[in-house]
Structure formats: C-alpha cells, structure tokens
Amino acid sequence: MLNRTAENVARATPEPLARKVRGISDKGLAWLFISPTILLLLAINIFPLFWAIYLSFTNYRANRPNEVVKNLGFANYQRILGDQDIWIAMQTTAHFVFWTILLQTLIGFTLAWLIDRKFRGHAFWTTLILVPMMLSPAVVGNFWRFLYEPQIGLFAYAISFVSGIPPTNIQMLSNVSLAPWSIIIVDTWMWTPYVMLICLAGLRSIPEYIYEAAEVDRASNWRQFWSITLPMALPFIMLAVLFRGIENFKMFDMVNLLTGGGPGSTTEVASITLKRQAFESWRTGYSSAFAIILFVAVFGLANIYVKALNKVKQR
Amino acid sequence: MAEVHIKNVTKSFGDHVAVDGLDLHISDGEFVVLLGPTGAGKTTTLRLIAGLERPDSGTIRIGGHDATTLSPAERDTAFVFQQYSLYPHLSVFDNLAFPLRSPARKMPEDQIRRRVEDVARMVRIHHKLANRSTKLSGGEMQRVAIGRALVRKPAIYLMDEPLSSLDAKLRADLRLELKRIQSELGATMLYVTHDQIEAMTMADRIGILADGVLVQIGTPRTIYSEPANLHVAARLGQPAINLLPAGLLPDGGAPAGTKTIGARTEHLSIDKAANGHADGVVDWVEHLGDQNHLHVTVGSRKLVTLTDPDTDLEQGDKVVIRYRSPLYFGADGQRLM
C-alpha cells in the first residue's frame, strides 16, 4: 500500500525536477543546509557592521531619516579623537577594566586554589560560589541597587555596623568617589566565580605526580606553588583575563542599571557615552564612528594579548 | 647511600590489600628488582618507601632511622615515575637542577652547574640542556627524569617501571646504562618492573610479588633455577615454562606427591622417534632466526621449547621426549626438593 503510493508519487513527479533534486551534489546539499544560517548572519551581523562603517563617515541622524545625508569623510573620527569627554570615558573604562580584572583574578584564583584542596563538601561550595554568575545582569543590578540603599540597604547597614559610620553617610551610588567602586564591587561579585571556574580547570589539569615528584625532590609548598602551580595554571588565568577584559571593555548593563553613568559622569564608561550619543543626542554617524573605534581597539588589544597567550602556552 | 629495612608493612586501599605483611631488606649499594604483574603491589611498595603513602602497619627504616611517619621530603629518597614527571615549563637544565635548588641544600650555583652537567653526560642528554623539556622525545624525557633522580645522592633510588614506555631498542640501551650507572655510583636501588629481562639482567636480587605478598626473593640465578612455587616458575623464562601433569611423560625419580612437573628447554631432551615408540608429534616450528621455537603436542597438551636453528625436526615428526632433572611441584603449588 505504502509502496504503491510512493510509486504513484514518483510517477506523478515531472521528470526534469526529480532529476534535478536527486542530482544535487553533496557540496550543493551542504550549502543548501547552511544557507539559512549564513543569510541570518549576514542580515544581523555582517550587514550592520558594514552599515555602521558607512554611517560613521556621514552626518546621518536616526531621528531625522528624511534629511539629506552628507558624506563627512574622516571628520567624525577626527572629532572623536580630539574630544575631551570621549577620552575621559575611555579612561573611566580602562580604570574599571583594570580593577575588575585585578580583583576577579586574585579572588577567583585564590578561591579555585582553595576549592581544589578537595575538602569535605567542596562540590557544594563550588556550586554555591557559582550562583551569582548564573543570575541575569538585570536582576543583579536591581538587587544591588537595593543593597546599596543608604536607608534600607543591607550593604550600608553592614558597613556601618563594622565601621561605626552612620549608614546615611554611605551613599554608594551617589557619592562621587564611591560610585565607581560600587560598580567594581558588583561586577567582581558577579564574575569572580567565572574566573574561578576557569582557574579551577587549570589547576585540575596539573597531574598529581608532578607534585609528588616535587615533594620527593624536597620542594616546599611555597616552591611547589611558584614553580608548578602558577606557571602551569598561567595559560588558564590569562584566558580568564582575556574573556573578562573583552566583556568589561563593553560593560554596559550593570553601569546603566546602577548609576546610569552618574553621579555627573564619574561612572560614564565608553559604552554609556556611546548610548548617550546614539540614542539621546541622536548623533548616529558620530556614535557609529565611536563604535568602530572601540571595536578596533578591543580587537587589536585582544589580538596582541592572544599572541602573548600563545607564547605562554608554548613554553 | 644507605640500607633500607621494611618490616611487616601492610597497606590497604579500601577493601583491597595492596601490600600484605611485606618484609624486605635492601643492603647498601644493592640493586633489588621487584617483579610482578600489574596490581601485585610493586608501585605501592615504592610509594611507601618514598613516603607518598603511609603504611597501615609495620615499620620502614632508611639508613638505620625509623622513617615510617616522615614526610617524603624528610626521607631522602629519589623517585623516577612511570610517567615522564618533568616540570613542563622548565628547561632540561632547570629540571635537572630542581632538586639541588631546594633551600634545604644551599648548594652554590656553580656547583649545581657542574653536578647537572656531569649527570647530563651520564644519561647522555647534555646536548639538550637548553631545550624545553616538552620539546624532547619520550626516551629523552625519561632520561631527564632518571637524571633528575641521579643529581641527588639519596639514601635510595626508587624506580617505577622507568623504561616501560620506551621502545624496545631504547629500553635495551637504557637498561645497560642504568646498570652501569648504578654500579659506578654504588647506588642502593629498588626497581619495579613486570619485564623479566630487565629483572634478570640488572638485579643483584629479584623479589617476586604476587597479590601484595613477597613470594620469593633471591639472586636471578636462584629465582630462575630454584623457584619456590608455580607462580615464581611461571614468571621467568622465555618461552614460558611448560607445566605438565605428573604421569604425562615417563618421570622416573619424581618425589612422592608430585602433581605438576615444570620443564623449561634445558629440562627436556627431544629426539626423533626411531623404533616405533613416540611421546608426541611436532606441531609447529617457529623460526626466530637465531633460534627456533618448537611446538610439540603430547596427548592433549602442548609443549614449547627452544631448538637450534639448524634442527632437522619438521612438522609432523614423531618424537621421543625425556625429562632431564625438571622441577617438581606438589598439589599446593610449592616446589618439591
């Protein structure tokens, strides 16, 4: 019955089409299968990139689509590189990247090193430590806004409990000198587990017998750490730094939720400036140029870094 | 160098008894090889001496001092692991110098350099001193690992199948070299292997381990010609000893209670049957070049022995087989005198 149906269908299909479908080569079939992905990638990744590059040379404004678009050449780029505010934003970003990476690497590696001792319940602690990483940044941002509340926040309360400073004086988000640190603290709280996880993988990859050999060779724990643990885990630590560096260079969600760049512009990192230029001042061409500069900077730095990483790995 | 005394040492991992009431005495300057199959407790014995494992009971004395509860660093042993346990980010030189740079030693750098270079020459790796240890071949890595043990002058060298991961040619070379180095240094050495050729060629004494028990210990000659039981007899000899039931062949002179007769090549005389009587039939002649393996069927059993390369025996020949003072074993597997 089924066979006969199939036969009928085969007979009913016009000959040239059937041959064409059957005659597709393996390579043709492969292209057929991946073409939706490629089209999607072109539409949402590649095209916008080239469109942004084009816009960066114009005075286009997205809120005035009917205005005549003028080609400005490199004028946008020149203005950005001479703009004092942009440089301050870059400096703020660098400041954030430096401190978050430093703290996350130090704390993350230390935690990994402690967890790696495989004490009782180490699996439980690992899971517990990983919780912040699994939350959504939006949730984390809102949740820390509450913690930082001077009147009702637990953070201010805890600090005042320890230090004796009245909690209303601990204005984490609105004090000019504390606001940057409030963001560094939250980012460190959220992403240290990620660094820990990568470091833990690195530590676990060191074979036990190397430590045993060192022990028989009378190397102290201190020496084992410096001459085995650290050098052998270094590629992993560097990888964690790379991932966190790229991520934090474009840090946006946390800053936007916690301070929105304020007070004043003390926490205005590059991506916040970018957002203000693009969607508050509607200087689309100008902000496109800024985005391209950021992209090239991150890409270039990451490349240099990856070269260094490969050198370390090859040792 | 020093002597090592192991007394009644037992070590279990969970339910598994890895080493069971081991008594072993290694004299100063002696080369002892522990021979046994995987899981016999050889490596555990080494690790117990090095202090990488603590015994459940018994004592370990190194150089006259009780070392049972000492940490590995306090014991003054040198260990060569089965894996190439090199420090991968260090050069060959720094790997060799690593044990000498222990703060406990305070050895001046020029002295370290001299010592490392001497040892590097000894293990024939001096042309690669500046190389990264990861850029070496397997044989070179293992020579560095052995060298790293040799730079020190410990109470005892402990070697855990150091040659097992090397190819046959290199294994033969390093075997000779290790023996030469050991006798040059007058080193006390405990060497673990499952390779009977390594054991026979290098050892002053061989200890046969089975299931955590030291079955027999003695000179290679003794172990080979006077095995204590079937297990020991089966461990040595190539081709493996033929274990035949008593009565299969005429065995005049067998002591009472003989259950099994162990016959190596030298215990058998095999001749072509002349007058109609035959004990067996040649099943197969294996040509190895310098010698032949002769496979003979006797009733339902098979014998393997060596013959001269120019033997005139051929497949299908009927043969007469006689014992020449073979080894007799009782029902419990122990050898009968």
# chains A, B, ... in the order shown; residues from 1 in each chain; ligands from 1
>>> interface_residues(of="chain A", to="chain B", cutoff="8 Å", atoms="only C-alpha atoms", output="JSON, numbers by chain")
{"A": [209, 210, 212, 213, 214, 215, 216, 217, 218, 219, 220, 228, 231, 232, 315]}
>>> residues_around(residues="B:Val119", least_positions_apart="2", cutoff="9 Å", atoms="only C-alpha atoms", output="list in words")
Leu96, Arg114, Arg115, Val116, Glu117, Arg121, Met122, Val123, Arg124, Ile125, His126, Gly147, Arg148, Leu150 and Val151 of chain B
>>> write_last_selection(atoms="C-alpha atoms", output="PDB file, in the first residue's frame")
ATOM      1  CA  LEU B  96      67.855  18.533  36.480  1.00  0.00           C
ATOM      2  CA  ARG B 114      78.917  21.140  37.485  1.00  0.00           C
ATOM      3  CA  ARG B 115      76.766  18.426  39.015  1.00  0.00           C
ATOM      4  CA  VAL B 116      73.979  18.851  36.431  1.00  0.00           C
ATOM      5  CA  GLU B 117      76.464  18.702  33.585  1.00  0.00           C
ATOM      6  CA  ARG B 121      76.596  13.422  30.363  1.00  0.00           C
ATOM      7  CA  MET B 122      75.907  10.246  32.318  1.00  0.00           C
ATOM      8  CA  VAL B 123      72.394   9.907  30.925  1.00  0.00           C
ATOM      9  CA  ARG B 124      73.535  11.252  27.526  1.00  0.00           C
ATOM     10  CA  ILE B 125      71.319  14.315  27.423  1.00  0.00           C
ATOM     11  CA  HIS B 126      73.991  17.045  27.735  1.00  0.00           C
ATOM     12  CA  GLY B 147      68.905  12.215  35.584  1.00  0.00           C
ATOM     13  CA  ARG B 148      66.822  14.291  37.961  1.00  0.00           C
ATOM     14  CA  LEU B 150      70.696  10.901  39.852  1.00  0.00           C
ATOM     15  CA  VAL B 151      71.774  14.511  40.563  1.00  0.00           C
TER      16      VAL B 151
END
>>> closest_residue(among="A:Leu258, A:Val97, A:Tyr286, A:Ile38", to="A:Ile53", atoms="only C-alpha atoms")
A:Tyr286
>>> atom_distance(atom1="atom CA of B:Pro37", atom2="atom CA of B:His194")
5.7 Å
>>> decode(residues="stretch 250-270 of chain A", atoms="N, CA and C atoms", output="compact mmCIF listing (two decimals), in the first residue's frame")
# COMPACT_ATOMS: atom_id res chain seq x y z
N LYS A 250 33.30 46.50 27.22
CA LYS A 250 31.99 46.96 26.74
C LYS A 250 30.94 46.90 27.85
N MET A 251 31.40 46.95 29.11
CA MET A 251 30.48 46.91 30.25
C MET A 251 29.39 47.97 30.09
N PHE A 252 28.13 47.53 30.13
CA PHE A 252 27.04 48.49 29.94
C PHE A 252 25.91 48.26 30.93
N ASP A 253 25.37 47.03 30.92
CA ASP A 253 24.14 46.76 31.66
C ASP A 253 24.24 47.14 33.14
N MET A 254 25.35 46.71 33.77
CA MET A 254 25.49 46.94 35.20
C MET A 254 25.55 48.43 35.50
N VAL A 255 26.38 49.17 34.73
CA VAL A 255 26.53 50.61 34.96
C VAL A 255 25.20 51.31 34.70
N ASN A 256 24.54 50.92 33.64
CA ASN A 256 23.29 51.56 33.26
C ASN A 256 22.25 51.39 34.36
N LEU A 257 22.21 50.19 34.95
CA LEU A 257 21.22 49.92 35.98
C LEU A 257 21.56 50.58 37.30
N LEU A 258 22.84 50.57 37.66
CA LEU A 258 23.23 51.03 38.99
C LEU A 258 23.32 52.55 39.06
N THR A 259 24.07 53.16 38.15
CA THR A 259 24.31 54.60 38.25
C THR A 259 23.89 55.35 36.99
N GLY A 260 23.72 54.64 35.90
CA GLY A 260 23.40 55.30 34.63
C GLY A 260 24.52 56.23 34.18
N GLY A 261 25.70 56.04 34.72
CA GLY A 261 26.84 56.86 34.30
C GLY A 261 27.16 57.94 35.33
N GLY A 262 26.22 58.18 36.23
CA GLY A 262 26.41 59.25 37.20
C GLY A 262 27.14 58.79 38.45
N PRO A 263 27.27 59.56 39.50
CA PRO A 263 26.87 60.99 39.53
C PRO A 263 27.76 61.84 38.63
N GLY A 264 27.13 62.84 37.97
CA GLY A 264 27.84 63.58 36.94
C GLY A 264 28.19 62.62 35.83
N SER A 265 29.49 62.50 35.55
CA SER A 265 29.89 61.49 34.56
C SER A 265 31.00 60.61 35.14
N THR A 266 30.96 60.44 36.49
CA THR A 266 32.06 59.73 37.15
C THR A 266 32.11 58.25 36.76
N THR A 267 30.96 57.66 36.44
CA THR A 267 30.99 56.25 36.05
C THR A 267 30.60 56.09 34.58
N GLU A 268 30.80 57.18 33.81
CA GLU A 268 30.40 57.10 32.41
C GLU A 268 31.48 56.36 31.61
N VAL A 269 31.30 55.07 31.46
CA VAL A 269 32.25 54.27 30.66
C VAL A 269 31.92 54.46 29.20
N ALA A 270 32.78 53.98 28.33
CA ALA A 270 32.66 54.23 26.89
C ALA A 270 31.30 53.82 26.35
